[in-house]
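Participant: My structure is in target15.txt, and what it holds is compact mmCIF, C-alpha atoms:
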```txt
# COMPACT_ATOMS: atom_id res chain seq x y z
CA MET A 22 6.65 12.30 17.16
CA PHE A 23 3.43 10.48 16.46
CA ASP A 24 1.54 7.78 18.24
CA PHE A 25 1.20 5.37 15.34
CA THR A 26 -2.29 4.18 16.18
CA PRO A 27 -5.67 5.72 15.40
CA THR A 28 -7.59 7.46 18.15
CA PRO A 29 -9.65 4.83 20.00
CA GLY A 30 -13.37 4.78 19.25
CA ILE A 31 -13.30 6.67 15.95
CA SER A 32 -14.79 5.39 12.71
CA ARG A 33 -12.62 3.65 10.12
CA ARG A 34 -13.00 6.65 7.80
CA GLU A 35 -11.74 8.95 10.57
CA ALA A 36 -8.87 6.54 11.25
CA TYR A 37 -7.85 6.72 7.58
CA ALA A 38 -8.00 10.53 7.73
CA GLU A 39 -5.69 10.41 10.76
CA LEU A 40 -3.38 8.01 8.88
CA ALA A 41 -3.10 10.45 5.96
CA ALA A 42 -2.41 13.34 8.35
CA ALA A 43 0.27 11.32 10.16
CA ALA A 44 1.83 10.36 6.83
CA ARG A 45 1.98 13.98 5.66
CA ALA A 46 3.56 15.07 8.93
CA LEU A 47 6.03 12.17 8.93
CA THR A 48 7.27 13.00 5.42
CA ALA A 49 6.92 16.80 5.46
CA ASP A 50 10.57 17.75 5.74
CA GLU A 51 12.24 14.79 4.02
CA PRO A 52 13.02 15.11 0.29
CA ASP A 53 14.18 11.51 -0.22
CA GLY A 54 11.35 9.44 -1.69
CA VAL A 55 12.80 6.05 -0.73
CA ALA A 56 13.31 7.12 2.89
CA ASN A 57 9.73 8.36 2.95
CA MET A 58 8.41 5.09 1.50
CA ALA A 59 10.31 3.18 4.20
CA ASN A 60 8.74 5.24 6.98
CA LEU A 61 5.32 5.04 5.32
CA ALA A 62 5.48 1.25 5.02
CA ALA A 63 6.19 1.09 8.77
CA LEU A 64 3.42 3.57 9.52
CA ILE A 65 0.86 1.58 7.52
CA TRP A 66 2.03 -1.69 9.13
CA HIS A 67 1.50 -0.31 12.62
CA TRP A 68 -1.72 1.53 11.80
CA LEU A 69 -3.70 -1.22 10.08
CA PRO A 70 -4.51 -4.56 11.69
CA ASP A 71 -4.34 -7.98 10.06
CA LEU A 72 -1.62 -7.34 7.47
CA ASN A 73 1.16 -9.73 6.54
CA TRP A 74 2.76 -7.39 3.96
CA ALA A 75 2.71 -3.62 3.49
CA GLY A 76 4.85 -1.66 1.12
CA PHE A 77 5.58 -0.16 -2.24
CA TYR A 78 6.45 -1.14 -5.74
CA ARG A 79 8.00 1.68 -7.79
CA VAL A 80 7.40 2.20 -11.50
CA GLN A 81 10.73 2.06 -13.32
CA GLU A 82 11.11 1.79 -17.08
CA SER A 83 8.52 -0.75 -18.22
CA GLY A 84 7.72 -2.45 -14.94
CA LEU A 85 7.57 -2.39 -11.18
CA VAL A 86 10.57 -2.67 -8.87
CA LEU A 87 10.28 -3.59 -5.22
CA GLY A 88 10.40 -0.63 -2.87
CA PRO A 89 10.47 -0.39 0.91
CA PHE A 90 8.16 -2.84 2.68
CA ILE A 91 7.46 -4.84 5.82
CA GLY A 92 6.74 -8.55 5.52
CA LYS A 93 8.34 -11.63 4.01
CA PRO A 94 10.79 -11.21 1.13
CA ALA A 95 8.94 -10.38 -2.07
CA CYS A 96 9.25 -10.48 -5.83
CA ILE A 97 11.77 -7.88 -6.93
CA ARG A 98 10.39 -7.12 -10.38
CA ILE A 99 6.85 -7.35 -11.72
CA ALA A 100 5.90 -6.62 -15.32
CA LEU A 101 3.14 -4.09 -15.92
CA GLY A 102 -0.13 -5.98 -16.26
CA GLN A 103 1.07 -9.02 -14.28
CA GLY A 104 -0.39 -9.96 -10.90
CA VAL A 105 -2.40 -7.60 -8.75
CA CYS A 106 0.34 -4.96 -8.50
CA GLY A 107 1.16 -4.96 -12.20
CA THR A 108 -2.53 -4.76 -13.07
CA ALA A 109 -3.08 -1.78 -10.75
CA ALA A 110 -0.06 0.03 -12.20
CA LYS A 111 -0.93 -0.65 -15.85
CA ARG A 112 -4.62 0.24 -15.52
CA GLY A 113 -4.04 3.05 -13.03
CA GLU A 114 -6.90 1.60 -10.97
CA THR A 115 -7.21 0.29 -7.44
CA GLN A 116 -7.37 -3.48 -7.23
CA LEU A 117 -9.47 -4.79 -4.32
CA VAL A 118 -9.07 -8.57 -4.23
CA PRO A 119 -11.06 -10.46 -1.57
CA ASP A 120 -9.58 -13.84 -2.63
CA VAL A 121 -6.14 -13.76 -4.24
CA HIS A 122 -6.55 -17.35 -5.39
CA ALA A 123 -9.42 -16.23 -7.63
CA PHE A 124 -7.36 -13.43 -9.26
CA PRO A 125 -6.03 -14.59 -12.65
CA GLY A 126 -2.24 -14.47 -12.66
CA HIS A 127 -1.87 -13.69 -8.95
CA ILE A 128 1.80 -13.68 -7.93
CA ALA A 129 2.16 -15.43 -4.57
CA CYS A 130 5.15 -13.99 -2.71
CA ASP A 131 3.73 -15.10 0.66
CA GLY A 132 1.60 -18.24 0.52
CA ALA A 133 -0.27 -17.07 3.63
CA SER A 134 -1.82 -14.09 1.79
CA ARG A 135 -5.54 -14.50 1.16
CA SER A 136 -6.64 -10.96 0.21
CA GLU A 137 -4.92 -7.94 -1.27
CA LEU A 138 -5.43 -4.23 -1.86
CA VAL A 139 -3.22 -2.39 -4.35
CA VAL A 140 -3.58 1.35 -4.94
CA PRO A 141 -1.71 3.35 -7.60
CA VAL A 142 0.19 6.45 -6.50
CA ARG A 143 0.11 9.22 -9.12
CA HIS A 144 2.36 12.23 -9.51
CA GLY A 145 2.06 14.66 -12.40
CA GLY A 146 -0.68 12.49 -13.88
CA ALA A 147 1.48 9.36 -14.12
CA VAL A 148 1.51 6.28 -11.89
CA ILE A 149 4.86 6.38 -10.06
CA ALA A 150 4.29 3.55 -7.57
CA VAL A 151 1.70 1.31 -6.00
CA ILE A 152 0.88 0.75 -2.35
CA ASP A 153 0.49 -2.99 -1.82
CA LEU A 154 -1.28 -4.43 1.23
CA ASP A 155 -1.70 -8.16 1.81
CA SER A 156 -3.60 -9.97 4.53
CA PRO A 157 -3.80 -13.59 5.65
CA LEU A 158 -7.55 -13.06 6.12
CA PRO A 159 -9.96 -13.58 3.23
CA ALA A 160 -11.89 -10.42 2.30
CA ARG A 161 -9.84 -8.33 4.78
CA PHE A 162 -10.21 -5.20 2.63
CA ASP A 163 -13.39 -3.40 1.57
CA ALA A 164 -14.45 -0.15 -0.11
CA THR A 165 -13.64 1.88 3.02
CA ASP A 166 -10.08 0.53 2.99
CA ALA A 167 -9.75 1.26 -0.72
CA GLU A 168 -10.97 4.85 -0.27
CA GLY A 169 -8.70 5.36 2.73
CA ILE A 170 -5.59 4.08 0.96
CA GLU A 171 -6.48 6.07 -2.17
CA ALA A 172 -6.61 9.22 0.00
CA LEU A 173 -3.30 8.23 1.56
CA ALA A 174 -1.75 7.74 -1.91
CA ALA A 175 -2.85 11.23 -2.94
CA ALA A 176 -1.51 12.71 0.31
CA ILE A 177 1.93 11.10 0.04
CA SER A 178 2.49 11.37 -3.70
CA PRO A 179 4.73 14.48 -3.51
CA ALA A 180 6.77 12.92 -0.68
CA ILE A 181 7.70 9.78 -2.61
CA ALA A 182 8.19 11.37 -6.03
CA GLY A 183 11.46 12.98 -4.93
```
Using the file provided, produce a representation of the structure as structure tokens.
Facilitator:
Amino acid sequence: MFDFTPTPGISRREAYAELAAAARALTADEPDGVANMANLAALIWHWLPDLNWAGFYRVQESGLVLGPFIGKPACIRIALGQGVCGTAAKRGETQLVPDVHAFPGHIACDGASRSELVVPVRHGGAVIAVIDLDSPLPARFDATDAEGIEALAAAISPAIAG
């Protein structure tokens, strides 16, 4: 089993590389995508500091449906193009939002959230889910976080597609 914390004293980039490696190992032998998303949400929650929500929204039909997560109860369905998650899914682009109150159409599931990072997960060229991270701290996420979660999304894509 894994120690679900990065090695002390390493850079943030190295910590994200360790997170991706831990995620691959954690999901390696499990074919169920929902079970893998549940474990991955917990892994992210324990790995990254200063989060108040970590989880997945899955692309189904013409919108997003809530997947496994840790945090306060959340919106169950989000239309493509709505809010930060729907925008990330529709555009297929990472959304790095330092101030959620400044994002047009932000959907506030937890009023304590101040910043958000949403990264699309692609499989076979299509967006199949998004990883959604919220923080009560303004500007909690930066380009290093975006790159690290993008690498994580690429690493776990096969494990959640099943």
Participant: At a cut-off of 6 Å around the point (0.2, 3.6, 12.1) (file coordinates), what residues fall inside when counting only C-alpha atoms? I'd like the answer as JSON, numbers by chain.
Facilitator: {"A": [25, 26, 64, 65, 67, 68]}
Participant: Using only C-alpha atoms, which residue out of A:Gln103, A:Ala150, A:Leu72, A:Val139 lies closest to His127 (chain A)?
Facilitator: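 Nearest candidate to His127 (chain A) out of A:Gln103, A:Ala150, A:Leu72, A:Val139: A:Gln103.
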Participant: Please return, as a PyMOL selection string, all polymer residues that have at least one atom within 12 Å of the point (-11.3, 8.4, 9.8); use only C-alpha atoms and the file's own coordinate frame.
Facilitator: chain A and resi 26-43+68+165-166+168-170+172-173
Participant: Looking at all atoms listed in the file, which of A:Gly104, A:Ala176, A:Asp53, A:Ala182 is the one that sits closest to Gly145 (chain A)?
Facilitator: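 Residue with the minimum atom-to-atom distance to Gly145 (chain A): A:Ala182.
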Participant: Fewer than 6 positions away in the same chain doesn't count, so skip those; otherwise give me all residues within 12 Å of Glu82 (chain A), counting all atoms listed in the file, as a PDB file with C-alpha atoms, in the frame of the given file.
Facilitator:
```
ATOM      1  CA  ARG A  98      10.390  -7.120 -10.380  1.00  0.00           C
ATOM      2  CA  ILE A  99       6.850  -7.350 -11.720  1.00  0.00           C
ATOM      3  CA  ALA A 100       5.900  -6.620 -15.320  1.00  0.00           C
ATOM      4  CA  LEU A 101       3.140  -4.090 -15.920  1.00  0.00           C
ATOM      5  CA  VAL A 148       1.510   6.280 -11.890  1.00  0.00           C
ATOM      6  CA  ILE A 149       4.860   6.380 -10.060  1.00  0.00           C
ATOM      7  CA  ALA A 150       4.290   3.550  -7.570  1.00  0.00           C
TER       8      ALA A 150
END
```
Participant: Under the rule that all atoms listed in the file are counted, which of A:Trp74, A:Phe90, A:Phe124, A:Trp66 is the nearest residue to Pro157 (chain A)?
Facilitator: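 Looking only at the distances to Pro157 (chain A), the closest residue turns out to be A:Trp74.
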Participant: Do you have the CA of Cys96 (chain A)-CA of Thr48 (chain A) distance handy?
Facilitator: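 That distance, rounded to one decimal, is 26.1 Å.
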Participant: For Pro70 (chain A), which residue among A:Asp155, A:Ala164, A:Val105, A:Ile181 is the nearest when counting only C-alpha atoms?
Facilitator: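 Ranked by minimum distance to Pro70 (chain A), first place goes to A:Asp155.
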Participant: Nearest to Asp120 (chain A): which of A:Ile152, A:Ala160, A:Ile97, A:Val140 is it, counting only C-alpha atoms?
Facilitator: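 Going through A:Ile152, A:Ala160, A:Ile97, A:Val140 one by one, the smallest distance to Asp120 (chain A) is for A:Ala160.
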Participant: Please indicate the distance in Å from CA of Val151 (chain A) to CA of Cys130 (chain A), rounded to one decimal place.
Facilitator: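 Separation of CA of Val151 (chain A) and CA of Cys130 (chain A): 16.0 Å.
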Participant: What lies within 10 Å of Arg135 (chain A) using only C-alpha atoms, ignoring chain neighbours under 5 positions off, as a ChimeraX atom specification?
Facilitator: /A:73,118-123,129,155-161
Participant: Take the residues that were just selected and, keeping C-alpha atoms, output them as a PDB file, in the coordinates of the input.
Facilitator:
```
ATOM      1  CA  ASN A  73       1.160  -9.730   6.540  1.00  0.00           C
ATOM      2  CA  VAL A 118      -9.070  -8.570  -4.230  1.00  0.00           C
ATOM      3  CA  PRO A 119     -11.060 -10.460  -1.570  1.00  0.00           C
ATOM      4  CA  ASP A 120      -9.580 -13.840  -2.630  1.00  0.00           C
ATOM      5  CA  VAL A 121      -6.140 -13.760  -4.240  1.00  0.00           C
ATOM      6  CA  HIS A 122      -6.550 -17.350  -5.390  1.00  0.00           C
ATOM      7  CA  ALA A 123      -9.420 -16.230  -7.630  1.00  0.00           C
ATOM      8  CA  ALA A 129       2.160 -15.430  -4.570  1.00  0.00           C
ATOM      9  CA  ASP A 155      -1.700  -8.160   1.810  1.00  0.00           C
ATOM     10  CA  SER A 156      -3.600  -9.970   4.530  1.00  0.00           C
ATOM     11  CA  PRO A 157      -3.800 -13.590   5.650  1.00  0.00           C
ATOM     12  CA  LEU A 158      -7.550 -13.060   6.120  1.00  0.00           C
ATOM     13  CA  PRO A 159      -9.960 -13.580   3.230  1.00  0.00           C
ATOM     14  CA  ALA A 160     -11.890 -10.420   2.300  1.00  0.00           C
ATOM     15  CA  ARG A 161      -9.840  -8.330   4.780  1.00  0.00           C
TER      16      ARG A 161
END
```
Participant: Would you work out the distance separating CA of Ala174 (chain A) from CA of Ala95 (chain A), expressed in Å to one decimal?
Facilitator: 21.0 Å
Participant: What's the 9 Å shell around Pro179 (chain A), counting only C-alpha atoms, without same-chain residues fewer than 6 positions away, as a short mmCIF file (atom, residue, chain, number, x, y, z; two decimals) with C-alpha atoms, keeping the file's coordinate frame?
Facilitator:
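Result file follows (around-v4.cif):
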```
data_model
loop_
_atom_site.label_atom_id
_atom_site.label_comp_id
_atom_site.auth_asym_id
_atom_site.auth_seq_id
_atom_site.Cartn_x
_atom_site.Cartn_y
_atom_site.Cartn_z
CA GLY A 54 11.35 9.44 -1.69
CA ARG A 143 0.11 9.22 -9.12
CA HIS A 144 2.36 12.23 -9.51
#
```
